[in-house]
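Enquirer: Below is the structure I would like to discuss, written out as structure tokens.
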Amino acid sequence: MLSRRLTGSFFLPVLLALGALPSGAAQNEEALKADLSFFTDESCRELKKEVQRKDLTRFRSKLLRNVASQLLEDRYDPTYRAASYEAYPSPQALQRTIKLGDGFSRYENITGIHLGKGEHVVLVGDSGGRKLSLLLPDWMRKPPPGIEPSKDPAGWGLKRQEIRLRDGVNIVEVKKGGLAYLSYYDDHPEKAPAIPVHFPTGEVNGYFDITRHDNDDWNKLLDKAVSPILDARGKHIQVAYPVEWLNVHTRGKGVELINNYDIMLRHHYTVLGLVKYKKIPPNRILARVNYNYYMFRDRDGVAYFGNKGTMRMVANPDVVTKGDPCWGFCHEAGHVLQLRPQITWGGLTEVSCNIFSMYTRGKMGNESRLAGQKNYAKARKKIVESDPRISYLQDPDVFNRLVPFWQLHLYFLRNGKPDFYPDVMEEMRNRPDAGRGNDSIRNQFQFIRICCDVGQVDLTDFFEKWGFFYVGEIKLKDYRDYHFVVTEEMVAETKAYIAKKKYPKPSQDLTLLKD
């Protein structure tokens, strides 16, 4: 999605007085604006053809005179300093196309530039009136001394400085030095223009891109990093991990690490139906470091604690696809990809995300977690064989609640329909949700109907045994309090819908399936 001019050497030589501008730079804005006339556009990436060395004396700003001098001598490397950035789908656009919004990276347009504290110049070409902002996240933020990390009064989330950019000269005040990113998202990105942006100040940190770099480049980036964080991206993943731990766990293995993340997310997109229906978004899921909690997902993506043990789990390509590390990433990324509320009605927040975990963990060669934890037997005893009967939602064990959802996958996989879940997910994307909040339970009955229609099988008995047709009140806590009231009418309507289709019954008792 990102369009770049990639001429010149891999790393930019020290051509300018790197870092922040000298004191009093703000008063030079008029001079900078006057010098725009020497360039083909306001981003100042290219001189007009008629500009020659003798014209350098006419420049009013030392900064742009230096840029022009190096351009005339073909010594200016624009690889990271000057690029064109394309728009990514906004959360609203993603919601419209794939019913997913928050959770994808908000830092897609990596610049590879580190801006130190102080004043800097950012030159922006024609934006076509689109909104463009400079983002400076504090990747390495830590709780105050003496404060338990998980009880940080500032919370666990990523803090950042955001500066709105306008066309032409922008003199920005950086409060705390850090890596720079451009926030450029649009509700209709296919209609949005590429915007040229130029950073004539600051230092080059670079970033790793799986489409054009190899492991030698990875090591060079680690060796020359000026930031404690290195950015890396694949087709589906974006990573922002400390250079310190990448040197320990990923030296010479950057390609393998990013490829492994991409492969896992590709499996996620397969079960979600985005591969089959050609709807994989250009947006990536971000995996970053944090210093508050072991592992979590928030609006900025997936976060891992920056200590030796956790960083080994997520930065060593030989470890990230195995056992608990694999499950952890798949689980948190699964949260990003849960359709809400259609597969995430109350009680399923920590359940339906693990449909992705189970699928991808298996594809990566790991044993079934449900089998290893003996959840098939536990769930059957506590739910299917319970007396009095209960809903699966009333079992506090989220892995037990997962069992019926995974048994559906097992049955159809073994009976010639491996695309069962991809088709179910696509059906849900194509329909409005049935209710939210305390009415979100209505999505359960929509799900039942879709499963029967997609599978062309009468699954009434299966859902009955697992308590999907439980009638009465269900009270539970799932990051908020839910109070469901399931009526006889809701159940009868669903059963009648299925009966009318005259689908055959399954050839076996699905509640006995396990892997």
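If you're wondering about the labels, chains in the structure tokens are A, B, ... by order shown, residues count from 1 in each chain, ligands from 1 in order shown.
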Give me the residues near Thr487 of chain A as a list in words, where near means some atom within 9 Å (using only C-alpha atoms) and where sequence neighbours in that chain fewer than 3 positions away do not count.

Expert: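 Counting only C-alpha atoms, the residues come to Tyr470, Val471, Gly472, Glu473, Met490, Val491 and Ala492 of chain A.
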
Enquirer: If DSSP is run on the backbone, what residues of segment 142-318 of chain A are strand (DSSP E)? A reply as an mmCIF file with N, CA and C atoms, in the first residue's frame would be ideal.

Expert:
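result-v2.cif written:
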```cif
data_model
loop_
_atom_site.group_PDB
_atom_site.id
_atom_site.type_symbol
_atom_site.label_atom_id
_atom_site.label_comp_id
_atom_site.auth_asym_id
_atom_site.auth_seq_id
_atom_site.Cartn_x
_atom_site.Cartn_y
_atom_site.Cartn_z
ATOM 1 N N ARG A 160 0.888 8.907 22.846
ATOM 2 C CA ARG A 160 1.527 9.465 21.657
ATOM 3 C C ARG A 160 1.262 10.963 21.569
ATOM 4 N N GLN A 161 2.128 11.625 20.824
ATOM 5 C CA GLN A 161 1.891 13.015 20.450
ATOM 6 C C GLN A 161 1.381 13.006 19.016
ATOM 7 N N GLU A 162 0.340 13.762 18.756
ATOM 8 C CA GLU A 162 -0.220 13.849 17.410
ATOM 9 C C GLU A 162 -0.201 15.300 16.967
ATOM 10 N N ILE A 163 0.294 15.539 15.764
ATOM 11 C CA ILE A 163 0.421 16.889 15.232
ATOM 12 C C ILE A 163 -0.224 16.927 13.844
ATOM 13 N N ARG A 164 -1.216 17.753 13.685
ATOM 14 C CA ARG A 164 -1.876 17.879 12.390
ATOM 15 C C ARG A 164 -0.926 18.560 11.395
ATOM 16 N N LEU A 165 -0.826 18.008 10.200
ATOM 17 C CA LEU A 165 0.033 18.564 9.157
ATOM 18 C C LEU A 165 -0.806 19.230 8.076
ATOM 19 N N GLY A 168 2.604 22.094 2.496
ATOM 20 C CA GLY A 168 3.680 23.058 2.549
ATOM 21 C C GLY A 168 4.557 22.890 3.770
ATOM 22 N N VAL A 169 5.009 24.002 4.333
ATOM 23 C CA VAL A 169 5.960 23.997 5.442
ATOM 24 C C VAL A 169 5.242 23.790 6.780
ATOM 25 N N ASN A 170 5.726 22.812 7.533
ATOM 26 C CA ASN A 170 5.242 22.574 8.890
ATOM 27 C C ASN A 170 6.448 22.610 9.829
ATOM 28 N N ILE A 171 6.462 23.558 10.744
ATOM 29 C CA ILE A 171 7.491 23.562 11.782
ATOM 30 C C ILE A 171 6.837 23.016 13.039
ATOM 31 N N VAL A 172 7.267 21.822 13.442
ATOM 32 C CA VAL A 172 6.596 21.103 14.523
ATOM 33 C C VAL A 172 7.479 21.070 15.759
ATOM 34 N N GLU A 173 6.849 21.093 16.910
ATOM 35 C CA GLU A 173 7.543 21.030 18.184
ATOM 36 C C GLU A 173 7.365 19.632 18.762
ATOM 37 N N VAL A 174 8.437 18.867 18.793
ATOM 38 C CA VAL A 174 8.396 17.508 19.329
ATOM 39 C C VAL A 174 8.666 17.571 20.831
ATOM 40 N N GLY A 178 11.161 10.592 19.305
ATOM 41 C CA GLY A 178 10.703 9.245 18.990
ATOM 42 C C GLY A 178 10.553 9.025 17.504
ATOM 43 N N LEU A 179 10.197 7.817 17.136
ATOM 44 C CA LEU A 179 9.973 7.468 15.739
ATOM 45 C C LEU A 179 8.706 8.134 15.225
ATOM 46 N N ALA A 180 8.735 8.541 13.961
ATOM 47 C CA ALA A 180 7.629 9.274 13.361
ATOM 48 C C ALA A 180 6.815 8.375 12.424
ATOM 49 N N TYR A 181 5.508 8.570 12.476
ATOM 50 C CA TYR A 181 4.571 7.836 11.628
ATOM 51 C C TYR A 181 3.558 8.831 11.084
ATOM 52 N N LEU A 182 3.001 8.520 9.928
ATOM 53 C CA LEU A 182 1.985 9.386 9.354
ATOM 54 C C LEU A 182 0.628 8.718 9.458
ATOM 55 N N SER A 183 -0.293 9.401 10.068
ATOM 56 C CA SER A 183 -1.662 8.900 10.154
ATOM 57 C C SER A 183 -2.414 9.377 8.924
ATOM 58 N N TYR A 185 -5.571 7.831 6.934
ATOM 59 C CA TYR A 185 -6.630 6.849 6.769
ATOM 60 C C TYR A 185 -7.824 7.534 6.122
ATOM 61 N N ASP A 186 -8.539 6.789 5.307
ATOM 62 C CA ASP A 186 -9.634 7.403 4.562
ATOM 63 C C ASP A 186 -10.796 6.418 4.443
ATOM 64 N N ILE A 195 0.250 11.133 -0.922
ATOM 65 C CA ILE A 195 0.711 12.434 -0.434
ATOM 66 C C ILE A 195 2.229 12.397 -0.234
ATOM 67 N N PRO A 196 2.981 13.267 -0.909
ATOM 68 C CA PRO A 196 4.428 13.310 -0.699
ATOM 69 C C PRO A 196 4.776 14.054 0.591
ATOM 70 N N VAL A 197 5.669 13.480 1.381
ATOM 71 C CA VAL A 197 6.088 14.080 2.643
ATOM 72 C C VAL A 197 7.608 13.980 2.742
ATOM 73 N N HIS A 198 8.238 15.037 3.226
ATOM 74 C CA HIS A 198 9.695 15.140 3.269
ATOM 75 C C HIS A 198 10.126 15.548 4.676
ATOM 76 N N GLU A 203 16.809 12.022 12.298
ATOM 77 C CA GLU A 203 17.787 10.983 11.996
ATOM 78 C C GLU A 203 17.096 9.770 11.375
ATOM 79 N N VAL A 204 17.815 9.103 10.507
ATOM 80 C CA VAL A 204 17.270 7.906 9.866
ATOM 81 C C VAL A 204 17.440 6.694 10.783
ATOM 82 N N TYR A 207 13.508 1.011 8.618
ATOM 83 C CA TYR A 207 12.605 -0.050 9.072
ATOM 84 C C TYR A 207 12.724 -1.228 8.124
ATOM 85 N N PHE A 208 12.328 -2.370 8.617
ATOM 86 C CA PHE A 208 12.449 -3.615 7.845
ATOM 87 C C PHE A 208 11.145 -3.891 7.108
ATOM 88 N N ASP A 209 11.258 -4.187 5.822
ATOM 89 C CA ASP A 209 10.101 -4.513 4.988
ATOM 90 C C ASP A 209 10.374 -5.845 4.304
ATOM 91 N N ILE A 229 13.710 1.253 19.425
ATOM 92 C CA ILE A 229 12.702 0.416 18.773
ATOM 93 C C ILE A 229 13.035 0.275 17.289
ATOM 94 N N LEU A 230 12.838 -0.940 16.758
ATOM 95 C CA LEU A 230 12.932 -1.148 15.314
ATOM 96 C C LEU A 230 11.560 -1.527 14.785
ATOM 97 N N ASP A 231 11.135 -0.848 13.731
ATOM 98 C CA ASP A 231 9.889 -1.193 13.042
ATOM 99 C C ASP A 231 10.164 -2.275 12.012
ATOM 100 N N ALA A 232 9.226 -3.204 11.895
ATOM 101 C CA ALA A 232 9.313 -4.232 10.853
ATOM 102 C C ALA A 232 7.906 -4.552 10.390
ATOM 103 N N ARG A 233 7.773 -4.876 9.130
ATOM 104 C CA ARG A 233 6.439 -5.213 8.643
ATOM 105 C C ARG A 233 6.498 -6.278 7.563
ATOM 106 N N ILE A 237 1.475 -8.331 9.143
ATOM 107 C CA ILE A 237 1.922 -7.986 10.501
ATOM 108 C C ILE A 237 2.771 -6.718 10.483
ATOM 109 N N GLN A 238 2.698 -5.968 11.561
ATOM 110 C CA GLN A 238 3.630 -4.867 11.813
ATOM 111 C C GLN A 238 4.161 -5.067 13.231
ATOM 112 N N VAL A 239 5.466 -4.960 13.401
ATOM 113 C CA VAL A 239 6.110 -5.220 14.686
ATOM 114 C C VAL A 239 6.891 -3.983 15.126
ATOM 115 N N ALA A 240 6.795 -3.654 16.406
ATOM 116 C CA ALA A 240 7.613 -2.589 17.003
ATOM 117 C C ALA A 240 8.169 -3.138 18.314
ATOM 118 N N TYR A 241 9.348 -3.763 18.226
ATOM 119 C CA TYR A 241 9.981 -4.402 19.375
ATOM 120 C C TYR A 241 11.333 -3.717 19.676
ATOM 121 N N PRO A 242 11.801 -3.837 20.906
ATOM 122 C CA PRO A 242 13.083 -3.220 21.262
ATOM 123 C C PRO A 242 14.266 -3.834 20.516
ATOM 124 N N ILE A 285 -1.994 -5.960 11.452
ATOM 125 C CA ILE A 285 -2.159 -6.020 12.900
ATOM 126 C C ILE A 285 -0.805 -5.702 13.523
ATOM 127 N N LEU A 286 -0.804 -4.816 14.497
ATOM 128 C CA LEU A 286 0.419 -4.370 15.141
ATOM 129 C C LEU A 286 0.722 -5.193 16.391
ATOM 130 N N ALA A 287 1.957 -5.655 16.502
ATOM 131 C CA ALA A 287 2.458 -6.293 17.718
ATOM 132 C C ALA A 287 3.561 -5.396 18.269
ATOM 133 N N ARG A 288 3.421 -4.964 19.512
ATOM 134 C CA ARG A 288 4.345 -3.978 20.071
ATOM 135 C C ARG A 288 4.776 -4.385 21.476
ATOM 136 N N VAL A 289 5.763 -3.669 21.996
ATOM 137 C CA VAL A 289 6.207 -3.875 23.360
ATOM 138 C C VAL A 289 5.380 -2.997 24.299
ATOM 139 N N ASN A 290 5.237 -3.423 25.544
ATOM 140 C CA ASN A 290 4.649 -2.579 26.581
ATOM 141 C C ASN A 290 5.350 -2.906 27.893
ATOM 142 N N MET A 295 0.552 -9.609 28.456
ATOM 143 C CA MET A 295 0.063 -9.718 27.087
ATOM 144 C C MET A 295 -1.387 -9.245 27.046
ATOM 145 N N PHE A 296 -1.717 -8.393 26.082
ATOM 146 C CA PHE A 296 -3.106 -7.950 25.951
ATOM 147 C C PHE A 296 -3.338 -7.393 24.558
ATOM 148 N N ARG A 297 -4.604 -7.190 24.266
ATOM 149 C CA ARG A 297 -5.010 -6.571 23.007
ATOM 150 C C ARG A 297 -5.794 -5.305 23.343
ATOM 151 N N ASP A 298 -5.503 -4.220 22.607
ATOM 152 C CA ASP A 298 -6.278 -3.002 22.754
ATOM 153 C C ASP A 298 -6.504 -2.391 21.375
ATOM 154 N N GLY A 301 -3.696 -2.786 18.865
ATOM 155 C CA GLY A 301 -3.212 -4.091 18.444
ATOM 156 C C GLY A 301 -2.867 -4.999 19.608
ATOM 157 N N VAL A 302 -1.764 -5.726 19.491
ATOM 158 C CA VAL A 302 -1.346 -6.723 20.470
ATOM 159 C C VAL A 302 -0.084 -6.218 21.169
ATOM 160 N N ALA A 303 -0.039 -6.323 22.502
ATOM 161 C CA ALA A 303 1.104 -5.799 23.258
ATOM 162 C C ALA A 303 1.706 -6.879 24.137
ATOM 163 N N TYR A 304 3.049 -6.904 24.188
ATOM 164 C CA TYR A 304 3.770 -7.894 24.985
ATOM 165 C C TYR A 304 4.741 -7.192 25.940
ATOM 166 N N PHE A 305 4.872 -7.749 27.138
ATOM 167 C CA PHE A 305 5.742 -7.150 28.141
ATOM 168 C C PHE A 305 7.204 -7.240 27.702
#
```

Enquirer: Would you return as a ChimeraX atom specification the members of segment 174-256 of chain A that DSSP assigns to alpha helix (DSSP H) on this structure's backbone?

Expert: /A:215-224,243-249,254-256

Enquirer: Of the residues A:Asp126, A:Asp453, A:Asp35, A:Glu426, which is the one nearest to Pro504 of chain A, using only C-alpha atoms?

Expert: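 Of A:Asp126, A:Asp453, A:Asp35, A:Glu426, the one nearest Pro504 of chain A, counting only C-alpha atoms, is A:Asp453.
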
Enquirer: Pick out the residues sitting within 6 Å of segment 149-155 of chain A, and hand them over as a PDB file with C-alpha atoms, in the first residue's frame; count only C-alpha atoms, and ignore anything fewer than 4 positions along from it in its own chain.

Expert:
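Ended up saving to out02.pdb:
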```pdb
ATOM      1  CA  PRO A 143       5.257   3.227  34.887  1.00  0.00           C
ATOM      2  CA  ASN A 292       2.596  -2.743  32.096  1.00  0.00           C
ATOM      3  CA  TYR A 293       1.244  -6.250  31.510  1.00  0.00           C
TER       4      TYR A 293
END
```

Enquirer: Can you tell me, as an mmCIF file with C-alpha atoms, in the first residue's frame, what residues are no more than 10 Å from segment 369-383 of chain A when counting only C-alpha atoms, ignoring any on the same chain fewer than 6 positions away?

Expert:
```cif
data_model
loop_
_atom_site.group_PDB
_atom_site.id
_atom_site.type_symbol
_atom_site.label_atom_id
_atom_site.label_comp_id
_atom_site.auth_asym_id
_atom_site.auth_seq_id
_atom_site.Cartn_x
_atom_site.Cartn_y
_atom_site.Cartn_z
ATOM 1 C CA GLY A 323 2.912 -24.009 22.165
ATOM 2 C CA ASP A 324 1.896 -21.157 24.449
ATOM 3 C CA TRP A 327 -1.542 -19.617 21.337
ATOM 4 C CA SER A 357 -6.380 -19.911 18.016
ATOM 5 C CA MET A 358 -7.421 -23.541 17.603
ATOM 6 C CA ARG A 361 -2.255 -23.455 16.344
ATOM 7 C CA GLY A 362 -3.119 -26.728 14.606
ATOM 8 C CA ARG A 389 -29.853 -28.682 32.045
ATOM 9 C CA ILE A 390 -27.841 -25.484 31.614
ATOM 10 C CA SER A 391 -26.720 -23.250 28.799
ATOM 11 C CA TYR A 392 -23.111 -23.539 27.675
ATOM 12 C CA LEU A 393 -22.899 -19.850 28.641
ATOM 13 C CA GLN A 394 -23.462 -20.784 32.270
ATOM 14 C CA ASP A 395 -20.250 -22.791 32.460
ATOM 15 C CA ASP A 397 -14.798 -22.283 31.893
ATOM 16 C CA VAL A 398 -14.297 -20.455 28.586
ATOM 17 C CA PHE A 399 -12.559 -23.490 27.082
ATOM 18 C CA ASN A 400 -15.607 -25.636 27.827
ATOM 19 C CA ARG A 401 -17.740 -23.017 26.082
ATOM 20 C CA LEU A 402 -15.424 -23.271 23.074
ATOM 21 C CA VAL A 403 -15.978 -27.007 22.592
ATOM 22 C CA PRO A 404 -19.284 -26.884 20.631
ATOM 23 C CA TRP A 406 -14.865 -26.314 17.528
ATOM 24 C CA GLN A 407 -16.906 -29.497 17.128
ATOM 25 C CA LYS A 465 -27.568 -30.767 23.891
ATOM 26 C CA TRP A 466 -25.159 -27.862 24.347
ATOM 27 C CA GLY A 467 -27.867 -25.660 25.848
ATOM 28 C CA THR A 511 -21.122 -33.743 20.795
ATOM 29 C CA LEU A 512 -18.824 -36.793 20.862
ATOM 30 C CA LEU A 513 -16.309 -35.356 18.388
ATOM 31 C CA LYS A 514 -12.813 -34.410 19.485
ATOM 32 C CA ASP A 515 -9.375 -33.952 17.969
#
```

Enquirer: Could you check which of A:Phe356, A:Phe420, A:Phe38, A:Phe468 is closest to Lys495 of chain A, using only C-alpha atoms?

Expert: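 Of all the options, A:Phe468 lies closest to Lys495 of chain A.
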
Enquirer: Would you please work out which residue, of A:Leu221, A:Leu115, A:Ile343, A:Ala83, is nearest to Leu136 of chain A when using only C-alpha atoms?

Expert: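 The closest residue to Leu136 of chain A is A:Leu115.
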
Enquirer: Counting only C-alpha atoms, which residues of segment 410-452 of chain A sit at most 12 Å from some atom of segment 92-114 of chain A, and what is each one's closest atom pair with its distance in Å to one decimal, listed by chain and rising residue number, as JSON lines?

Expert:
```
{"residue": "A:Met425", "atom": "CA", "partner": "A:Ile98", "partner_atom": "CA", "distance": 9.8}
{"residue": "A:Glu426", "atom": "CA", "partner": "A:Ile98", "partner_atom": "CA", "distance": 8.7}
{"residue": "A:Glu427", "atom": "CA", "partner": "A:Ile98", "partner_atom": "CA", "distance": 11.2}
{"residue": "A:Met428", "atom": "CA", "partner": "A:Lys99", "partner_atom": "CA", "distance": 9.1}
{"residue": "A:Arg429", "atom": "CA", "partner": "A:Lys99", "partner_atom": "CA", "distance": 6.2}
{"residue": "A:Asn430", "atom": "CA", "partner": "A:Ile98", "partner_atom": "CA", "distance": 8.9}
{"residue": "A:Arg431", "atom": "CA", "partner": "A:Lys99", "partner_atom": "CA", "distance": 10.1}
{"residue": "A:Pro432", "atom": "CA", "partner": "A:Lys99", "partner_atom": "CA", "distance": 9.9}
{"residue": "A:Asp433", "atom": "CA", "partner": "A:Lys99", "partner_atom": "CA", "distance": 10.3}
```

Enquirer: Could you write out the selected residues, including C-alpha atoms, as a compact mmCIF listing (two decimals), in the first residue's frame?

Expert:
```txt
# COMPACT_ATOMS: atom_id res chain seq x y z
CA MET A 425 -18.35 -15.77 8.69
CA GLU A 426 -19.17 -14.42 5.24
CA GLU A 427 -22.88 -14.95 5.85
CA MET A 428 -22.62 -13.00 9.10
CA ARG A 429 -20.73 -10.20 7.34
CA ASN A 430 -23.53 -9.98 4.79
CA ARG A 431 -26.30 -9.69 7.38
CA PRO A 432 -27.10 -7.04 9.98
CA ASP A 433 -26.53 -8.13 13.54
```

Enquirer: So that I can check the surroundings of Ala31 of chain A, please list as number ranges by chain every protein, DNA and RNA residue that reaches within 9 Å of it, counting only C-alpha atoms and ignoring chain neighbours fewer than 5 positions away.

Expert: A: 36, 59-61

Enquirer: Got time to write the residues from that selection, all heavy atoms, as an mmCIF file, in the first residue's frame?

Expert:
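This is the output file result_13.cif:
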```
data_model
loop_
_atom_site.group_PDB
_atom_site.id
_atom_site.type_symbol
_atom_site.label_atom_id
_atom_site.label_comp_id
_atom_site.auth_asym_id
_atom_site.auth_seq_id
_atom_site.Cartn_x
_atom_site.Cartn_y
_atom_site.Cartn_z
ATOM 1 N N LEU A 36 10.395 27.487 -1.359
ATOM 2 C CA LEU A 36 9.578 26.452 -2.012
ATOM 3 C C LEU A 36 9.556 26.662 -3.524
ATOM 4 O O LEU A 36 9.387 25.712 -4.292
ATOM 5 C CB LEU A 36 8.140 26.472 -1.470
ATOM 6 C CG LEU A 36 7.921 26.138 0.006
ATOM 7 C CD1 LEU A 36 6.425 26.187 0.339
ATOM 8 C CD2 LEU A 36 8.474 24.757 0.353
ATOM 9 N N PHE A 59 18.862 31.215 -2.143
ATOM 10 C CA PHE A 59 18.069 30.568 -1.099
ATOM 11 C C PHE A 59 18.135 31.394 0.188
ATOM 12 O O PHE A 59 19.185 31.915 0.570
ATOM 13 C CB PHE A 59 18.596 29.159 -0.830
ATOM 14 C CG PHE A 59 18.077 28.117 -1.781
ATOM 15 C CD1 PHE A 59 18.552 28.060 -3.087
ATOM 16 C CD2 PHE A 59 17.123 27.206 -1.374
ATOM 17 C CE1 PHE A 59 18.084 27.108 -3.968
ATOM 18 C CE2 PHE A 59 16.647 26.238 -2.254
ATOM 19 C CZ PHE A 59 17.122 26.187 -3.555
ATOM 20 N N ARG A 60 17.036 31.485 0.861
ATOM 21 C CA ARG A 60 16.965 32.239 2.111
ATOM 22 C C ARG A 60 17.120 31.349 3.339
ATOM 23 O O ARG A 60 17.454 31.825 4.414
ATOM 24 C CB ARG A 60 15.640 33.009 2.190
ATOM 25 C CG ARG A 60 15.534 34.123 1.151
ATOM 26 C CD ARG A 60 14.192 34.809 1.212
ATOM 27 N NE ARG A 60 13.917 35.326 2.549
ATOM 28 C CZ ARG A 60 12.748 35.865 2.923
ATOM 29 N NH1 ARG A 60 11.761 35.948 2.027
ATOM 30 N NH2 ARG A 60 12.565 36.293 4.147
ATOM 31 N N SER A 61 16.837 30.045 3.191
ATOM 32 C CA SER A 61 16.958 29.130 4.338
ATOM 33 C C SER A 61 18.155 28.202 4.145
ATOM 34 O O SER A 61 18.335 27.637 3.067
ATOM 35 C CB SER A 61 15.684 28.293 4.505
ATOM 36 O OG SER A 61 15.535 27.366 3.454
#
```

Enquirer: Name the closest residue to His267 of chain A among the candidates A:Val67, A:Val51, A:Arg81, A:Gly334; distances are taken between atoms, counting only C-alpha atoms.

Expert: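 Nearest to His267 of chain A: A:Gly334.
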
Enquirer: Find, counting only C-alpha atoms, the residue in A:Lys279, A:Arg266, A:Lys308, A:Lys502 that gets nearest to Asn247 of chain A.

Expert: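 Checking each candidate against Asn247 of chain A, we get A:Lys308 as the closest.
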